[in-house]
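> Contents of protein.cif (mmCIF, C-alpha atoms):
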data_final
loop_
_atom_site.label_atom_id
_atom_site.label_comp_id
_atom_site.auth_asym_id
_atom_site.auth_seq_id
_atom_site.Cartn_x
_atom_site.Cartn_y
_atom_site.Cartn_z
CA MET A 1345 -16.27 34.89 -22.93
CA ASN A 1346 -17.22 34.54 -26.60
CA LEU A 1347 -20.89 33.57 -27.02
CA GLY A 1348 -20.64 33.18 -30.80
CA PRO A 1349 -23.23 34.02 -33.45
CA TYR A 1350 -26.22 33.14 -31.23
CA ALA A 1351 -25.25 35.38 -28.30
CA GLY A 1352 -28.63 37.14 -28.45
CA PHE A 1353 -30.49 33.88 -27.70
CA ILE A 1354 -28.15 32.99 -24.81
CA VAL A 1355 -28.35 36.47 -23.25
CA ALA A 1356 -32.15 36.54 -23.71
CA ALA A 1357 -32.50 33.15 -21.95
CA TYR A 1358 -30.40 34.22 -18.94
CA ALA A 1359 -32.09 37.65 -18.80
CA ALA A 1360 -35.56 36.04 -18.83
CA ALA A 1361 -34.56 33.64 -16.03
CA LEU A 1362 -33.18 36.53 -13.96
CA ALA A 1363 -36.30 38.63 -14.56
CA VAL A 1364 -38.68 35.83 -13.52
CA VAL A 1365 -36.66 35.02 -10.39
CA VAL A 1366 -36.51 38.72 -9.40
CA ILE A 1367 -40.29 39.06 -9.94
CA LEU A 1368 -40.92 35.95 -7.79
CA ILE A 1369 -38.70 37.25 -4.96
CA GLY A 1370 -40.25 40.74 -5.15
CA TRP A 1371 -43.79 39.33 -5.11
CA ILE A 1372 -43.10 37.07 -2.10
CA VAL A 1373 -41.36 39.85 -0.12
CA ALA A 1374 -44.18 42.35 -0.89
CA ASP A 1375 -46.81 39.76 0.05
CA HIS A 1376 -45.04 39.05 3.35
CA ARG A 1377 -44.93 42.75 4.24
CA ALA A 1378 -48.59 43.18 3.30
CA GLN A 1379 -49.73 40.23 5.47
CA ARG A 1380 -47.59 41.39 8.45
CA ARG A 1381 -48.97 44.93 8.10
CA THR A 1382 -52.58 43.72 7.96
CA LEU A 1383 -52.06 41.41 10.98
CA ALA A 1384 -50.49 44.23 12.98
CA ASP A 1385 -53.36 46.55 12.02
CA LEU A 1386 -55.99 44.01 13.12
CA GLU A 1387 -54.18 43.29 16.40
CA ALA A 1388 -53.82 47.03 17.08
CA ARG A 1389 -57.62 47.22 16.89
CA GLY A 1390 -57.88 44.51 19.53
CA ILE A 1391 -58.76 41.67 17.18
CA VAL A 1392 -56.49 38.81 18.26
CA ARG A 1393 -56.53 35.04 18.00
CA ARG A 1394 -57.69 33.03 20.98
CA SER A 1395 -54.25 31.34 21.07
CA SER A 1396 -52.26 34.58 20.74
CA PRO A 1397 -49.81 35.30 23.60
CA ARG A 1398 -51.20 38.82 24.13
CA GLU A 1399 -54.66 37.55 24.92
CA ALA A 1400 -53.38 34.66 27.02
CA ALA A 1401 -51.45 37.15 29.14
CA MET B 416 -39.15 17.66 18.70
CA SER B 417 -40.63 15.17 16.21
CA LEU B 418 -41.69 15.75 12.62
CA ILE B 419 -45.37 15.77 13.57
CA ASP B 420 -44.72 18.84 15.77
CA PHE B 421 -44.22 20.89 12.60
CA ALA B 422 -47.87 20.24 11.74
CA ASN B 423 -48.48 23.12 14.13
CA PRO B 424 -48.36 26.29 11.94
CA SER B 425 -46.87 28.41 14.76
CA ARG B 426 -43.98 25.96 15.26
CA PHE B 427 -43.54 25.76 11.49
CA LEU B 428 -43.34 29.57 11.28
CA ALA B 429 -40.68 29.62 14.01
CA LEU B 430 -38.69 27.00 12.11
CA VAL B 431 -38.98 28.97 8.85
CA GLU B 432 -37.71 32.16 10.54
CA ARG B 433 -34.61 30.25 11.68
CA VAL B 434 -33.93 28.32 8.46
CA LEU B 435 -34.75 30.92 5.77
CA PRO B 436 -31.65 33.16 6.09
CA TRP B 437 -29.32 30.13 5.88
CA LEU B 438 -31.21 28.71 2.93
CA ALA B 439 -31.10 32.06 1.10
CA ALA B 440 -27.35 32.33 1.73
CA ALA B 441 -26.78 28.77 0.46
CA THR B 442 -28.83 29.61 -2.65
CA VAL B 443 -26.71 32.68 -3.44
CA CYS B 444 -23.48 30.71 -2.93
CA ALA B 445 -24.69 27.85 -5.15
CA PHE B 446 -25.68 30.29 -7.91
CA LEU B 447 -22.33 32.11 -7.74
CA VAL B 448 -20.43 28.82 -8.13
CA GLY B 449 -22.89 27.45 -10.71
CA LEU B 450 -22.90 30.56 -12.91
CA TYR B 451 -19.09 30.81 -12.75
CA GLN B 452 -18.80 27.18 -13.82
CA ALA B 453 -21.52 27.46 -16.48
CA LEU B 454 -20.46 30.74 -18.08
CA LEU B 455 -16.68 30.85 -17.61
CA VAL B 456 -15.41 27.29 -17.09
CA ALA B 457 -17.65 24.92 -19.07
CA PRO B 458 -16.47 24.41 -22.66
CA ASP B 459 -18.65 25.00 -25.72
CA ASP B 460 -20.33 21.91 -27.16
CA TYR B 461 -18.62 20.51 -30.25
CA GLN B 462 -21.89 20.66 -32.20
CA GLN B 463 -23.96 23.36 -30.51
CA GLY B 464 -21.20 25.82 -29.70
CA ALA B 465 -21.95 28.35 -26.96
CA THR B 466 -25.72 27.82 -27.14
CA VAL B 467 -25.18 24.83 -24.83
CA LYS B 468 -25.00 27.44 -22.04
CA ILE B 469 -28.80 27.73 -22.28
CA MET B 470 -28.91 24.11 -21.05
CA PHE B 471 -27.66 25.24 -17.61
CA ILE B 472 -30.91 27.13 -16.98
CA HIS B 473 -33.30 25.21 -19.23
CA VAL B 474 -32.72 21.75 -17.73
CA PRO B 475 -32.91 22.79 -14.01
CA ASN B 476 -36.16 24.62 -14.77
CA ALA B 477 -37.52 21.52 -16.51
CA TRP B 478 -36.59 19.40 -13.47
CA LEU B 479 -38.21 21.89 -11.10
CA ALA B 480 -41.36 22.13 -13.23
CA MET B 481 -41.89 18.38 -12.75
CA PHE B 482 -40.57 18.23 -9.17
CA CYS B 483 -42.97 20.96 -8.12
CA TRP B 484 -45.99 19.08 -9.47
CA ALA B 485 -44.74 15.89 -7.78
CA LEU B 486 -44.47 17.81 -4.51
CA MET B 487 -48.00 19.18 -5.01
CA SER B 488 -49.19 15.60 -5.62
CA ALA B 489 -47.64 14.43 -2.34
CA ALA B 490 -49.26 17.41 -0.62
CA ALA B 491 -52.58 16.48 -2.27
CA LEU B 492 -52.36 13.06 -0.61
CA GLY B 493 -51.60 14.84 2.66
CA THR B 494 -54.74 16.91 2.22
CA LEU B 495 -57.09 14.11 1.13
CA VAL B 496 -55.79 11.17 3.18
CA TRP B 497 -54.14 12.55 6.33
CA ARG B 498 -55.73 16.02 6.39
CA HIS B 499 -52.38 17.46 7.40
CA PRO B 500 -52.87 21.15 8.28
CA LEU B 501 -49.83 22.26 6.29
CA ALA B 502 -50.39 20.04 3.23
CA ASP B 503 -52.66 22.43 1.33
CA VAL B 504 -50.53 25.38 2.46
CA ALA B 505 -47.54 23.66 0.83
CA ALA B 506 -49.54 22.89 -2.33
CA LYS B 507 -50.89 26.42 -2.67
CA ALA B 508 -47.46 27.99 -2.11
CA ALA B 509 -45.84 25.69 -4.69
CA ALA B 510 -48.31 26.32 -7.54
CA PRO B 511 -47.16 29.80 -8.67
CA LEU B 512 -43.51 28.73 -8.32
CA GLY B 513 -44.16 25.66 -10.48
CA ALA B 514 -45.93 27.82 -13.07
CA ALA B 515 -42.98 30.24 -13.17
CA PHE B 516 -40.38 27.47 -13.54
CA THR B 517 -42.45 25.73 -16.25
CA PHE B 518 -42.78 29.05 -18.10
CA LEU B 519 -38.99 29.48 -17.91
CA CYS B 520 -38.48 25.92 -19.13
CA LEU B 521 -40.68 26.60 -22.18
CA LEU B 522 -39.17 30.03 -22.89
CA THR B 523 -35.52 29.01 -22.57
CA GLY B 524 -36.27 25.85 -24.58
CA SER B 525 -37.69 27.99 -27.39
CA LEU B 526 -34.68 30.31 -27.28
CA TRP B 527 -32.42 27.24 -27.50
CA GLY B 528 -34.53 25.59 -30.20
CA ARG B 529 -34.48 28.50 -32.66
CA PRO B 530 -30.72 28.44 -33.36
CA MET B 531 -30.41 24.61 -33.05
CA TRP B 532 -33.61 23.33 -34.70
CA GLY B 533 -34.45 26.36 -36.82
CA THR B 534 -37.76 26.88 -35.01
CA TYR B 535 -39.01 28.21 -31.69
CA TRP B 536 -41.71 25.58 -31.37
CA VAL B 537 -42.85 22.18 -32.67
CA TRP B 538 -45.94 20.29 -31.56
CA ASP B 539 -44.04 17.17 -30.51
CA GLY B 540 -44.62 14.98 -27.46
CA ARG B 541 -42.12 16.60 -25.08
CA LEU B 542 -42.90 20.24 -25.84
CA THR B 543 -46.66 19.70 -25.92
CA SER B 544 -46.76 17.72 -22.67
CA VAL B 545 -44.75 20.45 -20.89
CA LEU B 546 -47.14 23.06 -22.31
CA VAL B 547 -50.01 20.98 -20.89
CA LEU B 548 -48.20 21.01 -17.51
CA PHE B 549 -48.00 24.82 -17.68
CA LEU B 550 -51.73 25.05 -18.50
CA MET B 551 -52.49 22.72 -15.56
CA TYR B 552 -50.54 25.03 -13.24
CA LEU B 553 -52.65 27.94 -14.48
CA GLY B 554 -55.78 25.84 -13.89
CA VAL B 555 -54.72 25.10 -10.31
CA LEU B 556 -53.99 28.79 -9.67
CA ALA B 557 -57.41 29.70 -11.08
CA LEU B 558 -59.12 27.07 -8.91
CA TRP B 559 -57.43 28.39 -5.75
CA ARG B 560 -58.80 31.84 -6.58
CA THR B 561 -62.27 30.61 -7.54
CA VAL B 562 -63.21 28.86 -4.27
CA GLU B 563 -63.16 31.27 -1.32
CA ASP B 564 -63.03 28.73 1.53
CA PRO B 565 -59.38 27.47 1.65
CA SER B 566 -60.27 23.96 2.91
CA ARG B 567 -62.89 23.40 0.15
CA ALA B 568 -60.50 24.82 -2.46
CA ALA B 569 -57.74 22.54 -1.14
CA ARG B 570 -59.81 19.38 -1.70
CA ALA B 571 -60.78 20.40 -5.25
CA VAL B 572 -57.19 21.35 -6.10
CA ALA B 573 -55.88 18.10 -4.57
CA ILE B 574 -58.08 16.01 -6.87
CA LEU B 575 -57.08 18.07 -9.92
CA THR B 576 -53.40 17.77 -8.92
CA LEU B 577 -53.54 13.97 -8.57
CA VAL B 578 -55.28 13.63 -11.94
CA GLY B 579 -52.66 15.94 -13.47
CA ALA B 580 -49.84 13.79 -12.08
CA ILE B 581 -50.55 11.38 -14.97
CA ASN B 582 -48.77 13.95 -17.15
CA LEU B 583 -45.43 13.52 -15.32
CA PRO B 584 -44.48 10.09 -16.78
CA ILE B 585 -45.83 11.28 -20.15
CA ILE B 586 -43.35 14.20 -20.06
CA LYS B 587 -40.50 11.94 -18.93
CA PHE B 588 -41.02 9.21 -21.52
CA SER B 589 -42.43 11.32 -24.39
CA VAL B 590 -38.99 11.41 -26.05
CA ASP B 591 -38.91 7.58 -26.02
CA TRP B 592 -42.52 6.97 -27.07
CA TRP B 593 -42.80 9.43 -29.96
CA ALA B 594 -40.53 10.71 -32.74
CA THR B 595 -39.39 14.16 -31.65
CA LEU B 596 -36.99 16.98 -32.35
CA HIS B 597 -36.18 17.05 -28.63
CA GLN B 598 -33.13 15.03 -27.67
CA PRO B 599 -33.67 11.76 -25.76
CA ALA B 600 -32.95 11.44 -22.03
CA SER B 601 -29.25 12.13 -21.45
CA ILE B 602 -28.95 12.46 -17.66
CA LEU B 603 -31.65 10.46 -15.82
CA ARG B 604 -31.32 7.21 -17.80
CA LEU B 605 -30.54 3.58 -17.03
CA GLY B 606 -27.11 3.54 -18.68
CA GLY B 607 -25.98 6.68 -16.82
CA PRO B 608 -25.51 10.22 -18.15
CA THR B 609 -24.25 10.64 -21.72
CA ILE B 610 -23.15 14.25 -21.17
CA HIS B 611 -19.42 14.92 -20.86
CA PRO B 612 -18.39 15.52 -17.22
CA SER B 613 -17.13 19.01 -18.11
CA LEU B 614 -20.76 19.98 -18.92
CA LEU B 615 -22.46 17.66 -16.43
CA ALA B 616 -20.72 19.12 -13.34
CA PRO B 617 -21.88 22.74 -13.90
CA LEU B 618 -25.33 21.46 -14.81
CA MET B 619 -25.62 19.59 -11.50
CA ILE B 620 -24.42 22.66 -9.56
CA MET B 621 -27.00 24.83 -11.35
CA GLY B 622 -29.61 22.15 -10.63
CA LEU B 623 -28.72 22.32 -6.93
CA ALA B 624 -28.83 26.14 -7.02
CA PHE B 625 -32.33 26.15 -8.54
CA LEU B 626 -33.46 23.50 -6.04
CA LEU B 627 -32.22 25.65 -3.16
CA LEU B 628 -33.95 28.67 -4.74
CA PHE B 629 -37.19 26.70 -4.91
CA ALA B 630 -36.85 25.58 -1.27
CA THR B 631 -36.21 29.17 -0.14
CA LEU B 632 -39.11 30.63 -2.11
CA HIS B 633 -41.43 27.79 -1.15
CA LEU B 634 -40.82 28.16 2.58
CA ALA B 635 -41.26 31.95 2.30
CA ALA B 636 -44.48 31.53 0.31
CA MET B 637 -45.78 28.97 2.85
CA ARG B 638 -45.10 31.49 5.62
CA ASN B 639 -47.09 34.11 3.67
CA GLU B 640 -49.98 31.68 3.17
CA ILE B 641 -50.15 30.87 6.91
CA LEU B 642 -50.19 34.61 7.70
CA ARG B 643 -52.89 35.15 5.03
CA ARG B 644 -55.07 32.51 6.73
CA ARG B 645 -54.57 34.18 10.09
CA VAL B 646 -55.67 37.49 8.57
CA ARG B 647 -58.74 35.74 7.11
CA ALA B 648 -59.58 34.14 10.48
CA LEU B 649 -59.25 37.49 12.29
CA ARG B 650 -61.46 39.22 9.71
CA LEU B 651 -64.09 36.50 10.15
CA MET B 652 -63.91 37.05 13.94
CA GLN B 653 -64.24 40.79 13.37
CA ALA B 654 -67.26 40.29 11.11
CA GLN B 655 -68.92 37.93 13.60
CA ALA B 656 -68.30 40.36 16.45
CA GLY B 657 -69.83 43.15 14.40
CA ALA B 658 -72.90 41.10 13.43
#
Produce structure tokens that represent the structure in this file.


Amino acid sequence: MNLGPYAGFIVAAYAAALAVVVILIGWIVADHRAQRRTLADLEARGIVRRSSPREAA
Amino acid sequence: MSLIDFANPSRFLALVERVLPWLAAATVCAFLVGLYQALLVAPDDYQQGATVKIMFIHVPNAWLAMFCWALMSAAALGTLVWRHPLADVAAKAAAPLGAAFTFLCLLTGSLWGRPMWGTYWVWDGRLTSVLVLFLMYLGVLALWRTVEDPSRAARAVAILTLVGAINLPIIKFSVDWWATLHQPASILRLGGPTIHPSLLAPLMIMGLAFLLLFATLHLAAMRNEILRRRVRALRLMQAQAGA
């Protein structure tokens, strides 16, 4: 694959796209883990939603 | 199960858990095929040479930048008119994704413009209206963070989103209305695409790949937002119990 005299611009564009997508995925995964952890912590302390299965049981 | 059943956040979460792995796998497959076609199969442009490869990421990001605001506008109607419980969740989850795709559109456009136009930036109608779109995304993100109550924030953001939707036709038709360095519409136009099929096919596959990526990230971000609201509700319960 020969990218010609402007290879730096092409590589920079693809690298930037990859970096932004990786940051978005990392942020969403980290946020998901943080919310799950916080919910589990609250439920472990007995704070549950009225509609939660644990309380209904 | 009807569509209205998914208005229930718990049912929606169950659906997301089932769909997300398949959507992620489809996204990876689409990117593998799209990148192979774009980087190894598609020919160089007879005028632009290999820099045309930037088009395969620039154009899908431009489409997503506008699609995401259109989706937020539909969600804004859902919030203001039907008060759908997931409408503002969808809008809030879409905003940072839209900002990221608009940023990529601007950045890759600049990196394409420098070798082709001789400049990274010109204040013409297309570039300026997309920059305005990016600033509106930042405004929406700031507004979500400013108002603590999610339902009050949702109404304010919905109004701002609907007002901002005026910018979408301005972006689309800016290349027709004003003299510009940016090329005129070459894909979504009345006479059909003017791009050669050997470049159009990889572009459409990359467009599909980015659309699948957006769908995957959006559903995952919606799931996070629902969980965040549950955490908020439990903390409010905890505070009330302690008071």

> Looking at B:Lys507, B:Leu521, B:Leu486, B:His499, which one is nearest to Ala1360 in chain A, with distances taken over all atoms listed in the file?

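Among the listed residues, B:Leu521 lies closest to Ala1360 in chain A.
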
> Tell me as a PyMOL selection string which residues belonging to chain B come within 10 Å of chain A, counting only C-alpha atoms.

chain B and resi 454-456+459+464-473+476+511-512+515-516+518-520+522-531+628-629+631-633+635-650+652-653+656

> Counting all atoms listed in the file, what is within 9 Å of range 612-618 of chain B, bar same-chain residues fewer than 3 positions away, as a ChimeraX atom specification?

/B:448-453,456-460,467,470-472,474-475,602,608-609,621-623

> What lies within 6 Å of Gly540 in chain B using all atoms listed in the file, ignoring chain neighbours under 3 positions off, as a PDB file with C-alpha atoms, in the coordinates of the input?


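Result saved to out.pdb:
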ATOM      1  CA  THR B 543     -46.660  19.700 -25.920  1.00  0.00           C
ATOM      2  CA  SER B 544     -46.760  17.720 -22.670  1.00  0.00           C
ATOM      3  CA  SER B 589     -42.430  11.320 -24.390  1.00  0.00           C
TER       4      SER B 589
END

> For CA of Ala477 in chain B and CA of Ala502 in chain B, determine how far apart the two atoms are, in Å to one decimal place.

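Going from CA of Ala477 in chain B over to CA of Ala502 in chain B, I get 23.6 Å.
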